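Novice: The structure is given below, and queries will be raised subsequently.
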Amino acid sequence: MKLAFSTNAFKQVSLEESLRQIAACGYAGVEIMADVPHAYPPHVDARRRKAVLDLCRELRLTITNLNAFTLFAQGDTWHPSWIEPEAALRERRCEHTLAAIRLARDLGSPGISLEPGGPLPACMDRAAAMDLYRQGLRRMLPEAQQCGVNLLVEPEPGLLIERPEEFEELLAGLSHPRLALNFDIGHFYCVGVDPAGAARRLAAHIRHVHLEDIAPSREHRHLVPGRGAIDFPAVLAALADAGYDGWVTVELYPYEAQAREVAEEALKYLSKWF
């Protein structure tokens with residue numbers, strides 16, 4: 001396994017500057033935020049895409065993933081979601097995801113991570129929401145297949161898909177070689193799931209990993225690794241035993257004002273296992 005860092009902690013600087021700082025910290029990989037202020041697809045023309053690729057090559061940074069979860073350019077962290085009651089809002093999420101798939105193709109990213117449906121609307125039951133989510137994903141998969149990009153669902157506390165069995169429920173109604181899992185260690189811990197057990201259970205579907213620490217209270221707030229309660233040796237050993245040898249991206253977006261410092265602290269703490 002190899003360590004990367006997500007640009008979503010560096011929202012106070014440009015994408016290009018975030019790449020320079022992440023490389024200077026010593027990371028070999030980077031996950032790029034496919035949203036403002038970094039790489040919202042309509043803002044990244046062909047010339048800038050090439051410039052970003054050239055800069056990553058110069059810095060010896062591998063683009064590990066595009067984070068297409070948030071949509072601040074049009075709404076907020078979760079909205080517009082895949083399961084909005086209004087069709088026009090769902091369409092905006094779909095259009096953004098299609099654009100992110102094409103951006104991933106152009107930047108050579110193997111995948112994009114996706115919101116796991118969204119917050120369940122008060123007027124909608126789970127079955128109806130899951131059906132809407134599958135409908136949206138079905139529209140994305142032909143483009144993902146053509147572009148050679150994986151769609152990585154990221155379970156998150158409080159959203160439609162939080163737990164391993166809910167991800168499996170999604171796949172039971174929609175299976176495709178380009179549909180897989182962004183395994184977020186902290187998110188599973190927050191909902192009372194042992195991340196090591198989840199890694200073994202979901203091993204066949206994991207294509208990318210997010211890493212952050214979480215407090216013993218299991219409150220969904222990303223902490224610098226080593227400041228919380230997650231047993232990282234156990235989780236990383238489970239991932240390795242399950243055959244995962246890909247990228248593990250540290251995701252510390254709450255630390256915008258200390259992004260460089262926490263990136264360095266995380267790398268120092270985690271380097272003993274990588």
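Identifiers in the structure tokens: chain A, B, ... in order shown; residue index from 1 per chain; ligand index from 1 in order shown.
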Quick one: residues within 12 Å of Asn67 of chain A, only C-alpha atoms counted, chain neighbours fewer than 5 positions away excluded, as number ranges by chain?

Specialist: A: 5-8, 30-36, 38-41, 77, 96-97, 100-101, 103-104, 109-115, 150-154, 182, 208-210, 249, 251, 253

Novice: Write to file, as a short mmCIF file (atom, residue, chain, number, x, y, z; two decimals), in the first residue's frame, the residues of the selection just made, with N, CA and C atoms.

Specialist:
```cif
data_model
loop_
_atom_site.label_atom_id
_atom_site.label_comp_id
_atom_site.auth_asym_id
_atom_site.auth_seq_id
_atom_site.Cartn_x
_atom_site.Cartn_y
_atom_site.Cartn_z
N PHE A 5 -2.38 12.01 -0.24
CA PHE A 5 -3.07 13.03 0.56
C PHE A 5 -4.08 13.73 -0.34
N SER A 6 -5.23 14.09 0.24
CA SER A 6 -6.29 14.74 -0.54
C SER A 6 -6.14 16.25 -0.53
N THR A 7 -6.35 16.84 -1.69
CA THR A 7 -6.27 18.31 -1.77
C THR A 7 -7.40 19.00 -1.03
N ASN A 8 -8.44 18.26 -0.59
CA ASN A 8 -9.56 18.95 0.05
C ASN A 8 -9.22 19.54 1.40
N VAL A 30 -1.66 11.82 -4.78
CA VAL A 30 -2.58 12.89 -4.44
C VAL A 30 -3.98 12.56 -4.95
N GLU A 31 -4.95 12.80 -4.11
CA GLU A 31 -6.35 12.76 -4.54
C GLU A 31 -6.79 14.20 -4.79
N ILE A 32 -7.41 14.44 -5.94
CA ILE A 32 -7.80 15.79 -6.33
C ILE A 32 -9.29 15.99 -6.12
N MET A 33 -9.63 17.11 -5.52
CA MET A 33 -11.03 17.47 -5.28
C MET A 33 -11.66 17.96 -6.58
N ALA A 34 -12.67 17.25 -7.08
CA ALA A 34 -13.33 17.62 -8.34
C ALA A 34 -14.47 18.61 -8.06
N ASP A 35 -14.12 19.70 -7.44
CA ASP A 35 -15.09 20.70 -7.00
C ASP A 35 -14.33 22.01 -6.79
N VAL A 36 -15.06 23.09 -6.58
CA VAL A 36 -14.40 24.35 -6.24
C VAL A 36 -13.78 24.18 -4.85
N HIS A 38 -10.82 23.68 -6.48
CA HIS A 38 -9.69 23.00 -7.12
C HIS A 38 -9.96 22.56 -8.54
N ALA A 39 -10.73 21.51 -8.76
CA ALA A 39 -10.87 20.97 -10.11
C ALA A 39 -12.33 20.70 -10.45
N TYR A 40 -13.17 21.71 -10.24
CA TYR A 40 -14.55 21.60 -10.71
C TYR A 40 -14.52 21.49 -12.23
N PRO A 41 -15.00 20.40 -12.80
CA PRO A 41 -14.74 20.12 -14.21
C PRO A 41 -15.00 21.27 -15.18
N THR A 77 -22.10 20.09 0.78
CA THR A 77 -21.40 18.82 0.90
C THR A 77 -22.21 17.67 0.30
N HIS A 96 -22.77 16.45 -13.22
CA HIS A 96 -21.47 16.67 -12.56
C HIS A 96 -20.64 15.39 -12.57
N THR A 97 -21.28 14.26 -12.30
CA THR A 97 -20.55 12.99 -12.25
C THR A 97 -20.02 12.60 -13.62
N ALA A 100 -17.02 14.61 -14.17
CA ALA A 100 -15.91 14.14 -13.34
C ALA A 100 -15.28 12.88 -13.94
N ILE A 101 -16.10 12.01 -14.51
CA ILE A 101 -15.58 10.81 -15.17
C ILE A 101 -14.63 11.21 -16.30
N LEU A 103 -13.05 14.06 -16.66
CA LEU A 103 -11.86 14.69 -16.08
C LEU A 103 -10.90 13.62 -15.58
N ALA A 104 -11.42 12.58 -14.92
CA ALA A 104 -10.58 11.49 -14.44
C ALA A 104 -9.86 10.82 -15.61
N SER A 109 -6.69 9.43 -13.70
CA SER A 109 -7.12 8.90 -12.41
C SER A 109 -7.87 7.60 -12.61
N PRO A 110 -7.57 6.56 -11.83
CA PRO A 110 -8.26 5.28 -12.02
C PRO A 110 -9.72 5.30 -11.62
N GLY A 111 -10.12 6.26 -10.79
CA GLY A 111 -11.50 6.28 -10.34
C GLY A 111 -11.92 7.62 -9.80
N ILE A 112 -13.22 7.70 -9.49
CA ILE A 112 -13.78 8.86 -8.80
C ILE A 112 -14.61 8.34 -7.63
N SER A 113 -14.53 9.00 -6.49
CA SER A 113 -15.34 8.60 -5.35
C SER A 113 -16.64 9.37 -5.36
N LEU A 114 -17.72 8.67 -4.98
CA LEU A 114 -19.08 9.19 -5.10
C LEU A 114 -19.78 9.23 -3.76
N GLU A 115 -20.62 10.23 -3.59
CA GLU A 115 -21.56 10.27 -2.48
C GLU A 115 -22.44 9.01 -2.52
N ASN A 150 -13.26 3.90 -12.71
CA ASN A 150 -14.09 3.23 -11.72
C ASN A 150 -14.96 4.22 -10.97
N LEU A 151 -16.21 3.83 -10.70
CA LEU A 151 -17.12 4.60 -9.85
C LEU A 151 -17.08 4.00 -8.46
N LEU A 152 -16.59 4.78 -7.50
CA LEU A 152 -16.32 4.26 -6.16
C LEU A 152 -17.30 4.86 -5.15
N VAL A 153 -18.27 4.07 -4.75
CA VAL A 153 -19.24 4.51 -3.76
C VAL A 153 -18.55 4.59 -2.40
N GLU A 154 -18.79 5.69 -1.68
CA GLU A 154 -18.15 5.92 -0.38
C GLU A 154 -19.20 5.99 0.73
N ASN A 182 -15.07 2.91 -2.40
CA ASN A 182 -14.06 3.72 -1.75
C ASN A 182 -14.20 3.45 -0.25
N HIS A 208 -10.03 1.81 -3.57
CA HIS A 208 -9.32 2.98 -3.03
C HIS A 208 -9.71 3.08 -1.56
N VAL A 209 -8.83 3.68 -0.75
CA VAL A 209 -9.05 3.77 0.69
C VAL A 209 -8.87 5.22 1.14
N HIS A 210 -9.78 5.68 2.00
CA HIS A 210 -9.62 6.94 2.71
C HIS A 210 -9.24 6.63 4.16
N THR A 249 -5.46 7.17 0.89
CA THR A 249 -5.41 8.64 0.87
C THR A 249 -5.84 9.20 2.20
N GLU A 251 -7.37 11.93 4.43
CA GLU A 251 -8.38 12.95 4.12
C GLU A 251 -8.66 13.77 5.38
N TYR A 253 -9.98 17.23 5.61
CA TYR A 253 -10.57 18.50 5.18
C TYR A 253 -10.93 19.48 6.29
#
```

Novice: Got a sec: who's within 8 Å of Ala215 of chain A, counting only C-alpha atoms, leaving out chain neighbours fewer than 2 positions off, as a PyMOL selection string?

Specialist: chain A and resi 213+217-219+221+223+227-230

Novice: Just checking: using only C-alpha atoms, which residue out of A:Arg178, A:Arg48, A:Lys272, A:Arg93 ends up closest to Pro233 of chain A?

Specialist: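 The closest residue to Pro233 of chain A is A:Lys272.
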
Novice: I need the residue nearest Arg60 of chain A from this list: A:Gly29, A:Gly148, A:Pro157, A:Gly136. Use only C-alpha atoms for the distance.

Specialist: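 Smallest distance to Arg60 of chain A is found for A:Gly29.
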
Novice: Which is closest to His43 of chain A among A:Cys94, A:Ala73, A:Thr62, A:Trp247, if we use only C-alpha atoms?

Specialist: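 Between A:Cys94, A:Ala73, A:Thr62, A:Trp247, the residue approaching His43 of chain A most closely is A:Ala73.
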
Novice: Any idea what the distance is between atom CA of Gly197 of chain A and atom CA of Trp78 of chain A?

Specialist: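 If I compute the distance from atom CA of Gly197 of chain A to atom CA of Trp78 of chain A, I get 27.3 Å.
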
Novice: Show me, as a PyMOL selection string, the residues that have an atom within 12 Å of Val13 of chain A when counting only C-alpha atoms, minus same-chain residues fewer than 3 positions from it.

Specialist: chain A and resi 7-10+16-22+36-38+256-260

Novice: Using Å and a single decimal, report how far atom CA of Trp82 of chain A sits from atom CA of Ala46 of chain A.

Specialist: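 The value is 27.6 Å.
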
Novice: If I take atom CA of Glu265 of chain A and atom CA of Met1 of chain A, how far is one from the other in Å, to one decimal?

Specialist: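 The value is 18.8 Å.
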
Novice: Check segment 44-102 of chain A with DSSP on the backbone and list each residue it calls helix (DSSP H, G or I), as a PyMOL selection string.

Specialist: chain A and resi 46-59+87-102

Novice: For the residues selected in the previous step, produce a file with N, CA and C atoms as a PDB file, in the first residue's frame.

Specialist:
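This went into part.pdb:
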```pdb
ATOM      1  N   ALA A  46      -8.996  22.059 -21.335  1.00  0.00           N
ATOM      2  CA  ALA A  46      -7.995  21.109 -21.817  1.00  0.00           C
ATOM      3  C   ALA A  46      -6.573  21.586 -21.530  1.00  0.00           C
ATOM      4  N   ARG A  47      -6.344  22.887 -21.678  1.00  0.00           N
ATOM      5  CA  ARG A  47      -5.007  23.418 -21.432  1.00  0.00           C
ATOM      6  C   ARG A  47      -4.605  23.248 -19.970  1.00  0.00           C
ATOM      7  N   ARG A  48      -5.545  23.525 -19.060  1.00  0.00           N
ATOM      8  CA  ARG A  48      -5.210  23.394 -17.637  1.00  0.00           C
ATOM      9  C   ARG A  48      -5.069  21.923 -17.248  1.00  0.00           C
ATOM     10  N   ARG A  49      -5.868  21.052 -17.852  1.00  0.00           N
ATOM     11  CA  ARG A  49      -5.732  19.623 -17.560  1.00  0.00           C
ATOM     12  C   ARG A  49      -4.320  19.147 -17.893  1.00  0.00           C
ATOM     13  N   LYS A  50      -3.824  19.579 -19.039  1.00  0.00           N
ATOM     14  CA  LYS A  50      -2.465  19.197 -19.415  1.00  0.00           C
ATOM     15  C   LYS A  50      -1.440  19.789 -18.454  1.00  0.00           C
ATOM     16  N   ALA A  51      -1.679  21.036 -18.040  1.00  0.00           N
ATOM     17  CA  ALA A  51      -0.746  21.682 -17.121  1.00  0.00           C
ATOM     18  C   ALA A  51      -0.709  20.960 -15.774  1.00  0.00           C
ATOM     19  N   VAL A  52      -1.869  20.502 -15.299  1.00  0.00           N
ATOM     20  CA  VAL A  52      -1.921  19.758 -14.037  1.00  0.00           C
ATOM     21  C   VAL A  52      -1.162  18.444 -14.174  1.00  0.00           C
ATOM     22  N   LEU A  53      -1.367  17.754 -15.282  1.00  0.00           N
ATOM     23  CA  LEU A  53      -0.637  16.505 -15.519  1.00  0.00           C
ATOM     24  C   LEU A  53       0.870  16.751 -15.561  1.00  0.00           C
ATOM     25  N   ASP A  54       1.283  17.802 -16.253  1.00  0.00           N
ATOM     26  CA  ASP A  54       2.705  18.119 -16.349  1.00  0.00           C
ATOM     27  C   ASP A  54       3.281  18.434 -14.974  1.00  0.00           C
ATOM     28  N   LEU A  55       2.517  19.171 -14.154  1.00  0.00           N
ATOM     29  CA  LEU A  55       2.997  19.521 -12.822  1.00  0.00           C
ATOM     30  C   LEU A  55       3.125  18.272 -11.950  1.00  0.00           C
ATOM     31  N   CYS A  56       2.149  17.368 -12.034  1.00  0.00           N
ATOM     32  CA  CYS A  56       2.229  16.133 -11.251  1.00  0.00           C
ATOM     33  C   CYS A  56       3.443  15.305 -11.660  1.00  0.00           C
ATOM     34  N   ARG A  57       3.728  15.264 -12.946  1.00  0.00           N
ATOM     35  CA  ARG A  57       4.913  14.533 -13.402  1.00  0.00           C
ATOM     36  C   ARG A  57       6.181  15.186 -12.856  1.00  0.00           C
ATOM     37  N   GLU A  58       6.212  16.515 -12.908  1.00  0.00           N
ATOM     38  CA  GLU A  58       7.382  17.234 -12.398  1.00  0.00           C
ATOM     39  C   GLU A  58       7.579  16.963 -10.907  1.00  0.00           C
ATOM     40  N   LEU A  59       6.469  16.906 -10.162  1.00  0.00           N
ATOM     41  CA  LEU A  59       6.527  16.703  -8.720  1.00  0.00           C
ATOM     42  C   LEU A  59       6.609  15.230  -8.328  1.00  0.00           C
ATOM     43  N   ALA A  87     -36.478  15.928  -9.874  1.00  0.00           N
ATOM     44  CA  ALA A  87     -35.693  15.325 -10.950  1.00  0.00           C
ATOM     45  C   ALA A  87     -34.601  16.263 -11.456  1.00  0.00           C
ATOM     46  N   ALA A  88     -34.886  17.571 -11.482  1.00  0.00           N
ATOM     47  CA  ALA A  88     -33.898  18.528 -11.995  1.00  0.00           C
ATOM     48  C   ALA A  88     -32.646  18.549 -11.130  1.00  0.00           C
ATOM     49  N   LEU A  89     -32.808  18.389  -9.821  1.00  0.00           N
ATOM     50  CA  LEU A  89     -31.644  18.367  -8.935  1.00  0.00           C
ATOM     51  C   LEU A  89     -30.854  17.072  -9.104  1.00  0.00           C
ATOM     52  N   ARG A  90     -31.543  15.963  -9.265  1.00  0.00           N
ATOM     53  CA  ARG A  90     -30.839  14.702  -9.527  1.00  0.00           C
ATOM     54  C   ARG A  90     -30.048  14.797 -10.831  1.00  0.00           C
ATOM     55  N   GLU A  91     -30.620  15.474 -11.820  1.00  0.00           N
ATOM     56  CA  GLU A  91     -29.938  15.623 -13.105  1.00  0.00           C
ATOM     57  C   GLU A  91     -28.647  16.409 -12.949  1.00  0.00           C
ATOM     58  N   ARG A  92     -28.645  17.405 -12.084  1.00  0.00           N
ATOM     59  CA  ARG A  92     -27.429  18.185 -11.863  1.00  0.00           C
ATOM     60  C   ARG A  92     -26.324  17.320 -11.259  1.00  0.00           C
ATOM     61  N   ARG A  93     -26.694  16.427 -10.343  1.00  0.00           N
ATOM     62  CA  ARG A  93     -25.707  15.493  -9.791  1.00  0.00           C
ATOM     63  C   ARG A  93     -25.168  14.563 -10.877  1.00  0.00           C
ATOM     64  N   CYS A  94     -26.056  14.076 -11.725  1.00  0.00           N
ATOM     65  CA  CYS A  94     -25.619  13.182 -12.803  1.00  0.00           C
ATOM     66  C   CYS A  94     -24.689  13.895 -13.774  1.00  0.00           C
ATOM     67  N   GLU A  95     -25.032  15.120 -14.148  1.00  0.00           N
ATOM     68  CA  GLU A  95     -24.189  15.864 -15.089  1.00  0.00           C
ATOM     69  C   GLU A  95     -22.805  16.121 -14.498  1.00  0.00           C
ATOM     70  N   HIS A  96     -22.767  16.451 -13.218  1.00  0.00           N
ATOM     71  CA  HIS A  96     -21.472  16.668 -12.563  1.00  0.00           C
ATOM     72  C   HIS A  96     -20.644  15.389 -12.573  1.00  0.00           C
ATOM     73  N   THR A  97     -21.282  14.259 -12.301  1.00  0.00           N
ATOM     74  CA  THR A  97     -20.554  12.992 -12.246  1.00  0.00           C
ATOM     75  C   THR A  97     -20.020  12.599 -13.616  1.00  0.00           C
ATOM     76  N   LEU A  98     -20.814  12.795 -14.661  1.00  0.00           N
ATOM     77  CA  LEU A  98     -20.332  12.525 -16.016  1.00  0.00           C
ATOM     78  C   LEU A  98     -19.108  13.388 -16.331  1.00  0.00           C
ATOM     79  N   ALA A  99     -19.174  14.662 -15.943  1.00  0.00           N
ATOM     80  CA  ALA A  99     -18.032  15.550 -16.188  1.00  0.00           C
ATOM     81  C   ALA A  99     -16.811  15.108 -15.391  1.00  0.00           C
ATOM     82  N   ALA A 100     -17.023  14.615 -14.170  1.00  0.00           N
ATOM     83  CA  ALA A 100     -15.905  14.142 -13.341  1.00  0.00           C
ATOM     84  C   ALA A 100     -15.284  12.880 -13.938  1.00  0.00           C
ATOM     85  N   ILE A 101     -16.103  12.006 -14.512  1.00  0.00           N
ATOM     86  CA  ILE A 101     -15.578  10.808 -15.170  1.00  0.00           C
ATOM     87  C   ILE A 101     -14.634  11.215 -16.305  1.00  0.00           C
ATOM     88  N   ARG A 102     -15.047  12.199 -17.107  1.00  0.00           N
ATOM     89  CA  ARG A 102     -14.213  12.634 -18.234  1.00  0.00           C
ATOM     90  C   ARG A 102     -12.941  13.322 -17.746  1.00  0.00           C
TER      91      ARG A 102
END
```

Novice: I'd like the contact shell of segment 234-243 of chain A - 6 Å cut-off, only C-alpha atoms, skipping same-chain residues fewer than 6 positions apart - returned as a list in words.

Specialist: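 Selected residues are Ala196, Ala199, Arg200 and Ala203 of chain A.
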
Novice: Quick one: write out the picked residues with C-alpha atoms as a JSON list (two decimals), in the first residue's frame?

Specialist:
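Full text of selection.json as output:
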```json
[["chain", "number", "residue", "atom", "x", "y", "z"],
["A", 196, "ALA", "CA", -10.79, -4.38, 10.05],
["A", 199, "ALA", "CA", -12.06, -4.67, 5.13],
["A", 200, "ARG", "CA", -12.15, -8.46, 5.17],
["A", 203, "ALA", "CA", -12.18, -6.96, 0.14]]
```

Novice: With distances taken over only C-alpha atoms, which of A:Leu252, A:Ile214, A:Ala180, A:Val224 is nearest to Tyr269 of chain A?

Specialist: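 Between A:Leu252, A:Ile214, A:Ala180, A:Val224, the residue approaching Tyr269 of chain A most closely is A:Val224.
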
Novice: Nearest to Ile206 of chain A among A:Tyr244, A:Gly192, A:Asp231, A:Pro225, with distances taken over only C-alpha atoms: which residue is it?

Specialist: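 Nearest candidate to Ile206 of chain A out of A:Tyr244, A:Gly192, A:Asp231, A:Pro225: A:Tyr244.
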
Novice: Rank A:Val44, A:Leu181, A:Leu270, A:Ala128 by their smallest atom-to-atom distance to Leu202 of chain A, using only C-alpha atoms, and report the top residue only.

Specialist: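 For Leu202 of chain A, the nearest of the candidates is A:Leu181.
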
Novice: Going by DSSP on the backbone, which bits of segment 41-233 of chain A are strand (DSSP E or B)? Write them as a count of residues only, please.

Specialist: 28
